[in-house]
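Shown next: target-v8.cif, given as mmCIF, C-alpha atoms.
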```cif
data_input
#
loop_
_atom_site.label_atom_id
_atom_site.label_comp_id
_atom_site.auth_asym_id
_atom_site.auth_seq_id
_atom_site.Cartn_x
_atom_site.Cartn_y
_atom_site.Cartn_z
CA MET A 1 -60.91 -64.22 -42.83
CA SER A 2 -64.24 -63.47 -41.24
CA SER A 3 -66.82 -66.24 -41.26
CA GLU A 4 -70.24 -66.91 -39.86
CA SER A 5 -69.14 -70.24 -38.40
CA ASP A 6 -66.91 -68.60 -35.78
CA GLY A 7 -69.51 -65.99 -34.84
CA ALA A 8 -67.75 -63.20 -36.72
CA SER A 9 -69.32 -60.89 -39.27
CA GLU A 10 -69.68 -62.06 -42.87
CA MET A 11 -67.15 -59.42 -43.95
CA LYS A 12 -64.69 -57.29 -42.03
CA ILE A 13 -63.28 -54.05 -43.41
CA VAL A 14 -60.38 -52.26 -41.72
CA VAL A 15 -60.03 -48.55 -42.46
CA CYS A 16 -56.68 -46.92 -41.71
CA VAL A 17 -57.20 -43.49 -40.16
CA LYS A 18 -54.65 -40.92 -39.06
CA TYR A 19 -54.73 -38.14 -36.49
CA VAL A 20 -53.08 -35.06 -38.03
CA PRO A 21 -52.58 -31.38 -37.12
CA ASP A 22 -55.37 -29.11 -38.33
CA ALA A 23 -54.25 -27.74 -41.70
CA THR A 24 -55.98 -24.42 -40.97
CA GLY A 25 -53.86 -23.82 -37.86
CA GLU A 26 -50.21 -23.01 -37.30
CA ARG A 27 -48.09 -26.10 -37.83
CA SER A 28 -44.49 -26.48 -36.73
CA PHE A 29 -41.73 -29.00 -36.09
CA ALA A 30 -40.29 -30.19 -32.79
CA ASP A 31 -36.55 -30.11 -32.05
CA ASP A 32 -36.13 -33.70 -33.29
CA GLY A 33 -37.57 -32.85 -36.71
CA THR A 34 -40.93 -34.51 -36.13
CA VAL A 35 -44.26 -32.72 -36.32
CA ASP A 36 -45.01 -30.77 -33.16
CA ARG A 37 -48.44 -32.16 -32.38
CA GLU A 38 -48.81 -29.99 -29.29
CA ALA A 39 -48.57 -26.78 -31.32
CA SER A 40 -52.02 -27.05 -32.89
CA ASP A 41 -55.29 -28.90 -32.60
CA GLY A 42 -55.57 -32.26 -34.30
CA LEU A 43 -58.29 -34.14 -36.13
CA LEU A 44 -59.00 -37.10 -38.39
CA SER A 45 -57.19 -36.55 -41.69
CA GLU A 46 -59.72 -35.23 -44.19
CA LEU A 47 -58.48 -37.63 -46.86
CA ASP A 48 -59.11 -40.56 -44.51
CA GLU A 49 -62.73 -39.47 -44.08
CA TYR A 50 -63.29 -40.50 -47.70
CA ALA A 51 -61.94 -43.97 -46.87
CA VAL A 52 -64.28 -44.26 -43.89
CA GLU A 53 -67.19 -43.17 -46.06
CA GLN A 54 -66.46 -45.79 -48.71
CA ALA A 55 -66.26 -48.51 -46.07
CA LEU A 56 -69.57 -47.40 -44.57
CA GLN A 57 -71.21 -47.38 -47.99
CA LEU A 58 -70.11 -50.98 -48.51
CA ALA A 59 -71.54 -51.79 -45.08
CA ASP A 60 -74.80 -50.04 -45.98
CA ASP A 61 -75.08 -52.04 -49.20
CA GLY A 62 -74.04 -55.40 -47.74
CA ASP A 63 -75.23 -57.80 -45.08
CA ASP A 64 -73.39 -58.18 -41.78
CA VAL A 65 -70.35 -56.02 -42.65
CA GLU A 66 -68.10 -54.88 -39.80
CA VAL A 67 -66.06 -51.68 -40.25
CA VAL A 68 -63.06 -51.29 -37.93
CA ALA A 69 -61.06 -48.05 -37.72
CA LEU A 70 -57.33 -48.57 -37.17
CA THR A 71 -54.90 -45.86 -36.11
CA VAL A 72 -51.28 -45.62 -34.95
CA GLY A 73 -50.28 -42.69 -32.78
CA PRO A 74 -50.19 -41.02 -29.37
CA ASP A 75 -53.08 -40.71 -26.89
CA ASP A 76 -54.76 -37.92 -28.88
CA ALA A 77 -54.93 -40.17 -31.94
CA ALA A 78 -57.91 -41.80 -30.27
CA ASP A 79 -59.89 -38.80 -31.55
CA ALA A 80 -59.42 -40.07 -35.12
CA ILE A 81 -61.03 -43.37 -34.14
CA LYS A 82 -63.75 -41.52 -32.25
CA ARG A 83 -64.68 -39.58 -35.36
CA ALA A 84 -64.83 -42.76 -37.45
CA LEU A 85 -67.03 -44.41 -34.82
CA GLN A 86 -69.34 -41.40 -34.80
CA MET A 87 -69.64 -41.65 -38.58
CA GLY A 88 -70.72 -45.28 -38.22
CA ALA A 89 -67.71 -47.59 -37.85
CA SER A 90 -68.33 -50.62 -35.62
CA ALA A 91 -65.13 -50.69 -33.57
CA GLY A 92 -61.63 -49.28 -33.30
CA ILE A 93 -58.03 -50.41 -32.87
CA HIS A 94 -55.43 -48.00 -31.48
CA VAL A 95 -51.76 -48.97 -31.59
CA LEU A 96 -50.33 -46.89 -28.75
CA ASP A 97 -46.67 -47.10 -27.76
CA ASP A 98 -44.07 -44.41 -26.96
CA ALA A 99 -41.51 -46.27 -29.09
CA ILE A 100 -43.54 -45.51 -32.24
CA HIS A 101 -42.69 -41.79 -32.10
CA GLY A 102 -40.90 -40.62 -35.22
CA SER A 103 -41.66 -43.68 -37.35
CA ASP A 104 -41.48 -42.98 -41.08
CA ALA A 105 -43.62 -44.56 -43.80
CA LEU A 106 -41.67 -47.84 -43.66
CA GLY A 107 -42.03 -48.16 -39.90
CA THR A 108 -45.66 -47.09 -39.94
CA SER A 109 -46.52 -49.60 -42.66
CA ALA A 110 -44.89 -52.40 -40.64
CA ILE A 111 -47.00 -51.52 -37.59
CA LEU A 112 -50.20 -51.21 -39.59
CA ALA A 113 -49.58 -54.48 -41.43
CA ALA A 114 -49.05 -56.33 -38.16
CA ALA A 115 -52.23 -54.86 -36.67
CA ILE A 116 -54.18 -55.71 -39.83
CA GLU A 117 -52.87 -59.27 -39.82
CA ARG A 118 -54.05 -59.61 -36.22
CA ALA A 119 -57.50 -58.17 -37.08
CA ASP A 120 -57.82 -60.62 -40.01
CA PRO A 121 -60.03 -58.51 -42.32
CA ASP A 122 -61.24 -59.19 -45.83
CA LEU A 123 -60.53 -55.68 -47.11
CA VAL A 124 -58.37 -52.71 -46.06
CA ILE A 125 -59.31 -49.20 -47.20
CA CYS A 126 -56.97 -46.19 -46.90
CA GLY A 127 -57.08 -42.56 -47.93
CA MET A 128 -54.91 -41.50 -50.85
CA ALA A 129 -52.39 -39.80 -48.51
CA SER A 130 -52.23 -38.09 -45.14
CA THR A 131 -52.67 -34.33 -44.99
CA ASP A 132 -49.49 -33.90 -42.93
CA GLY A 133 -46.97 -36.24 -44.61
CA SER A 134 -48.63 -36.32 -48.06
CA MET A 135 -46.51 -39.27 -49.21
CA GLY A 136 -49.28 -41.63 -50.35
CA VAL A 137 -47.03 -44.71 -50.24
CA VAL A 138 -48.30 -46.47 -47.12
CA PRO A 139 -51.22 -48.39 -48.73
CA ALA A 140 -48.91 -50.05 -51.26
CA MET A 141 -46.36 -50.78 -48.52
CA ILE A 142 -49.03 -52.44 -46.38
CA ALA A 143 -50.12 -54.60 -49.32
CA GLU A 144 -46.53 -55.63 -50.03
CA ARG A 145 -45.94 -56.62 -46.39
CA LEU A 146 -49.17 -58.65 -46.30
CA GLY A 147 -48.63 -60.19 -49.73
CA TRP A 148 -52.03 -58.88 -50.85
CA PRO A 149 -52.96 -57.14 -54.12
CA ALA A 150 -53.22 -53.34 -54.03
CA ALA A 151 -55.69 -51.23 -55.97
CA THR A 152 -54.79 -47.62 -55.22
CA MET A 153 -56.02 -44.10 -55.99
CA GLY A 154 -59.62 -45.11 -56.66
CA ALA A 155 -62.10 -42.41 -57.66
CA THR A 156 -64.83 -45.04 -57.29
CA LEU A 157 -65.01 -48.25 -55.27
CA SER A 158 -67.34 -51.23 -55.60
CA LEU A 159 -67.46 -54.78 -54.30
CA ALA A 160 -69.00 -57.84 -55.96
CA GLY A 161 -68.57 -61.11 -54.12
CA ARG A 162 -64.87 -61.49 -53.40
CA THR A 163 -63.73 -58.97 -56.03
CA VAL A 164 -63.11 -55.29 -55.35
CA THR A 165 -63.07 -52.83 -58.25
CA ILE A 166 -61.84 -49.24 -58.45
CA ARG A 167 -61.74 -46.65 -61.22
CA ARG A 168 -58.44 -44.80 -61.32
CA ASP A 169 -58.54 -41.50 -63.20
CA THR A 170 -55.28 -40.31 -64.78
CA ASP A 171 -54.47 -37.32 -66.98
CA THR A 172 -54.97 -39.36 -70.14
CA ALA A 173 -57.42 -42.15 -69.27
CA SER A 174 -59.61 -43.84 -66.68
CA LEU A 175 -58.46 -47.31 -65.68
CA THR A 176 -60.60 -50.07 -64.16
CA VAL A 177 -58.59 -52.09 -61.64
CA GLU A 178 -59.87 -55.31 -60.03
CA ALA A 179 -58.41 -57.32 -57.17
CA ASP A 180 -59.44 -60.50 -55.41
CA LEU A 181 -59.92 -60.29 -51.66
CA PRO A 182 -58.14 -59.98 -49.33
CA ALA A 183 -56.85 -56.72 -50.76
CA VAL A 184 -55.72 -53.21 -49.89
CA VAL A 185 -57.31 -50.25 -51.66
CA SER A 186 -56.97 -46.49 -51.38
CA VAL A 187 -59.51 -43.89 -52.47
CA THR A 188 -59.17 -40.29 -53.54
CA ASP A 189 -61.12 -37.19 -52.59
CA GLN A 190 -63.24 -37.76 -55.71
CA SER A 191 -64.81 -40.92 -54.31
CA GLY A 192 -67.68 -39.15 -52.55
CA GLU A 193 -68.28 -36.64 -49.76
CA ALA A 194 -67.99 -38.06 -46.26
CA ARG A 195 -71.10 -38.10 -44.11
CA TYR A 196 -71.44 -35.97 -40.99
CA PRO A 197 -71.98 -37.80 -37.70
CA SER A 198 -75.59 -37.69 -36.51
CA MET A 199 -76.54 -37.17 -32.88
CA LYS A 200 -77.48 -40.84 -32.75
CA GLY A 201 -74.06 -41.76 -34.13
CA ILE A 202 -72.25 -39.53 -31.64
CA LEU A 203 -74.06 -41.12 -28.70
CA ALA A 204 -73.65 -44.66 -30.06
CA ALA A 205 -69.88 -44.16 -30.52
CA LYS A 206 -69.41 -43.96 -26.75
CA LYS A 207 -70.44 -47.60 -26.39
CA LYS A 208 -68.40 -49.04 -29.25
CA PRO A 209 -65.27 -51.07 -28.40
CA VAL A 210 -61.77 -49.71 -28.98
CA GLU A 211 -58.86 -52.11 -28.52
CA GLU A 212 -55.47 -50.68 -27.50
CA LEU A 213 -52.38 -52.54 -28.65
CA THR A 214 -48.66 -52.10 -28.00
CA LEU A 215 -45.72 -53.07 -30.18
CA SER A 216 -45.24 -56.10 -27.95
CA ASP A 217 -48.81 -57.21 -28.67
CA LEU A 218 -47.96 -57.10 -32.37
CA GLY A 219 -44.63 -58.90 -32.02
CA ILE A 220 -42.65 -55.86 -33.17
CA GLU A 221 -39.33 -54.99 -31.55
CA GLU A 222 -39.14 -51.41 -30.30
CA GLY A 223 -35.82 -50.74 -32.03
CA SER A 224 -37.18 -51.67 -35.45
CA VAL A 225 -39.50 -48.64 -35.61
CA GLY A 226 -39.43 -45.09 -34.30
CA LEU A 227 -37.20 -42.14 -35.12
CA ASP A 228 -33.86 -43.94 -34.68
CA ALA A 229 -34.90 -46.68 -37.11
CA ALA A 230 -36.43 -44.33 -39.68
CA TRP A 231 -35.00 -44.42 -43.20
CA THR A 232 -36.25 -40.90 -43.88
CA LYS A 233 -35.91 -37.95 -41.51
CA VAL A 234 -36.34 -34.19 -41.64
CA ALA A 235 -32.80 -32.82 -41.77
CA GLN A 236 -33.56 -29.11 -41.44
CA THR A 237 -36.52 -26.77 -41.10
CA ALA A 238 -37.00 -23.03 -41.40
CA PRO A 239 -40.01 -20.80 -40.70
CA ARG A 240 -42.08 -19.87 -43.70
CA PRO A 241 -41.21 -16.30 -44.82
CA PRO A 242 -43.93 -13.74 -44.13
CA LYS A 243 -46.20 -12.78 -46.99
CA GLU A 244 -45.15 -9.69 -48.90
CA ALA A 245 -47.53 -7.02 -50.06
CA GLY A 246 -48.77 -7.59 -53.58
CA ARG A 247 -47.98 -5.25 -56.45
CA VAL A 248 -50.75 -2.85 -57.44
CA VAL A 249 -50.99 -1.95 -61.13
CA THR A 250 -52.76 1.34 -61.73
CA ASP A 251 -54.23 2.46 -65.04
CA GLU A 252 -54.26 6.22 -64.85
CA ASP A 253 -52.83 6.85 -68.32
CA GLY A 254 -53.98 3.73 -70.18
CA SER A 255 -50.74 1.80 -69.62
CA GLY A 256 -52.18 -0.56 -67.01
CA ALA A 257 -52.70 -3.46 -69.40
CA ALA A 258 -49.13 -3.27 -70.69
CA SER A 259 -47.78 -3.08 -67.10
CA LEU A 260 -49.84 -6.10 -66.09
CA ILE A 261 -48.62 -8.14 -69.07
CA GLU A 262 -45.04 -7.15 -68.28
CA PHE A 263 -45.47 -8.27 -64.67
CA LEU A 264 -47.01 -11.61 -65.62
CA ALA A 265 -44.31 -12.24 -68.23
CA ALA A 266 -41.51 -11.40 -65.80
CA GLY A 267 -42.92 -13.87 -63.30
CA LYS A 268 -43.36 -16.48 -66.08
CA TYR A 269 -47.09 -16.69 -65.33
CA ILE A 270 -47.77 -16.37 -69.06
#
```
How does the structure come out when it is put into structure tokens?
Amino acid sequence: MSSESDGASEMKIVVCVKYVPDATGERSFADDGTVDREASDGLLSELDEYAVEQALQLADDGDDVEVVALTVGPDDAADAIKRALQMGASAGIHVLDDAIHGSDALGTSAILAAAIERADPDLVICGMASTDGSMGVVPAMIAERLGWPAATMGATLSLAGRTVTIRRDTDTASLTVEADLPAVVSVTDQSGEARYPSMKGILAAKKKPVEELTLSDLGIEEGSVGLDAAWTKVAQTAPRPPKEAGRVVTDEDGSGAASLIEFLAAGKYI
């Protein structure tokens, strides 16, 4: 872990960030069943912005805290790190290797865990899920691979000494979950709005270090990740059907209310 004796920061936080297609644009699949990332613009996953924000808040409240943004993906994924650096992260790590293409959650978690182990942080913070895959399982998988405790789906996040605490809100109760560091946590979109990069932050980001790593650097064999090694794959896709015109209920003779109720009942909306 980080220590002052070796010249490192008192605490290091790694935030996992993902470069995803813009949800407001047209998204499609490539011939191999993977997301066609050339079909639309990409950006830092909105749900990961909350993770970056929570890490930066811990850095704001603490002394000598380093926040490192970690991503896995193609060249354009560097934009996800860039955004995190503009928000205030100290440095970035980009795992870039053609053999990663098509990796599923298992493969991705193996790559992230290896990169995290190399970075040697005290705390890892993730978003609750990615806005493209929406699986939400990677944080727990990372924790399992590292042998660290996991405190996931936190609506709040706090740190006291070497103990991290989250509040997890469920349908029936709010749970307080604590874990000793090192640990992996994930936060939800209820944890607090992410800050916008300032002009100072945008300019400062250009000078912050970003380390590029390959699978070889992490000691991972190419054949163990990627599309061919994936346990889950998209078997078939079809274009979304076009929207149909909605039904208009008129009330010329006073029967509009009955017609509306009939429509809602037929569609099982009531």
All residues 9 Å or closer to Thr131 in chain A, only C-alpha atoms, same chain fewer than 3 positions away omitted, as JSON, numbers by chain: {"A": [20, 21, 22, 23, 45, 46, 47, 48, 134, 135]}
Any chance you could resolve the PyMOL selection byres ((chain A and resi 238) around 12) against this file and give the residues as a PDB file with C-alpha atoms, in the frame of the given file?
```pdb
ATOM      1  CA  SER A  28     -44.490 -26.480 -36.730  1.00  0.00           C
ATOM      2  CA  PHE A  29     -41.730 -29.000 -36.090  1.00  0.00           C
ATOM      3  CA  ALA A  30     -40.290 -30.190 -32.790  1.00  0.00           C
ATOM      4  CA  ASP A  31     -36.550 -30.110 -32.050  1.00  0.00           C
ATOM      5  CA  GLY A  33     -37.570 -32.850 -36.710  1.00  0.00           C
ATOM      6  CA  VAL A 234     -36.340 -34.190 -41.640  1.00  0.00           C
ATOM      7  CA  ALA A 235     -32.800 -32.820 -41.770  1.00  0.00           C
ATOM      8  CA  GLN A 236     -33.560 -29.110 -41.440  1.00  0.00           C
ATOM      9  CA  THR A 237     -36.520 -26.770 -41.100  1.00  0.00           C
ATOM     10  CA  PRO A 239     -40.010 -20.800 -40.700  1.00  0.00           C
ATOM     11  CA  ARG A 240     -42.080 -19.870 -43.700  1.00  0.00           C
ATOM     12  CA  PRO A 241     -41.210 -16.300 -44.820  1.00  0.00           C
ATOM     13  CA  PRO A 242     -43.930 -13.740 -44.130  1.00  0.00           C
TER      14      PRO A 242
END
```
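Among A:Val35, A:Ala99, A:Ala55, A:Ala230, the residue with the shortest atom-to-atom distance to Ser216 in chain A, counting all atoms listed in the file, is A:Ala99.
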Using only C-alpha atoms, tabulate the residues of range 7-73 of chain A lying at most 9 Å from any atom of range 195-204 of chain A, each with its closest atom pair and that distance in Å to one decimal, by chain and increasing residue number, as CSV.
```
residue,atom,partner,partner_atom,distance
A:Glu49,CA,A:Arg195,CA,8.5
A:Tyr50,CA,A:Arg195,CA,8.9
A:Glu53,CA,A:Arg195,CA,6.7
```
10 Å contact set for range 56-63 of chain A, only C-alpha atoms, chain neighbours under 6 positions out, as a PyMOL selection string: chain A and resi 9-13+15+50+84+87-90+157-160+194-195
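For the residues A:Ala257, A:Lys233, A:Gly127, A:Lys208, ranking by smallest atom-to-atom distance to Gln190 in chain A using all atoms listed in the file places A:Gly127 first.
Here CA of Ala78 in chain A is placed at a distance of 22.9 Å from CA of Val137 in chain A.
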On this structure, the PyMOL selection byres ((chain A and resi 147) around 12) would catch which residues? List them as an mmCIF file with C-alpha atoms, in the coordinates of the input, sorted by chain and number.
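Contents of expr_6.cif, freshly written:
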```cif
data_model
loop_
_atom_site.group_PDB
_atom_site.id
_atom_site.type_symbol
_atom_site.label_atom_id
_atom_site.label_comp_id
_atom_site.auth_asym_id
_atom_site.auth_seq_id
_atom_site.Cartn_x
_atom_site.Cartn_y
_atom_site.Cartn_z
ATOM 1 C CA ALA A 113 -49.580 -54.480 -41.430
ATOM 2 C CA GLU A 117 -52.870 -59.270 -39.820
ATOM 3 C CA ALA A 140 -48.910 -50.050 -51.260
ATOM 4 C CA MET A 141 -46.360 -50.780 -48.520
ATOM 5 C CA ILE A 142 -49.030 -52.440 -46.380
ATOM 6 C CA ALA A 143 -50.120 -54.600 -49.320
ATOM 7 C CA GLU A 144 -46.530 -55.630 -50.030
ATOM 8 C CA ARG A 145 -45.940 -56.620 -46.390
ATOM 9 C CA LEU A 146 -49.170 -58.650 -46.300
ATOM 10 C CA TRP A 148 -52.030 -58.880 -50.850
ATOM 11 C CA PRO A 149 -52.960 -57.140 -54.120
ATOM 12 C CA ALA A 150 -53.220 -53.340 -54.030
ATOM 13 C CA LEU A 181 -59.920 -60.290 -51.660
ATOM 14 C CA PRO A 182 -58.140 -59.980 -49.330
ATOM 15 C CA ALA A 183 -56.850 -56.720 -50.760
ATOM 16 C CA VAL A 184 -55.720 -53.210 -49.890
#
```
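The spacing separating CA of Lys18 in chain A from CA of Gly223 in chain A amounts to 22.4 Å.
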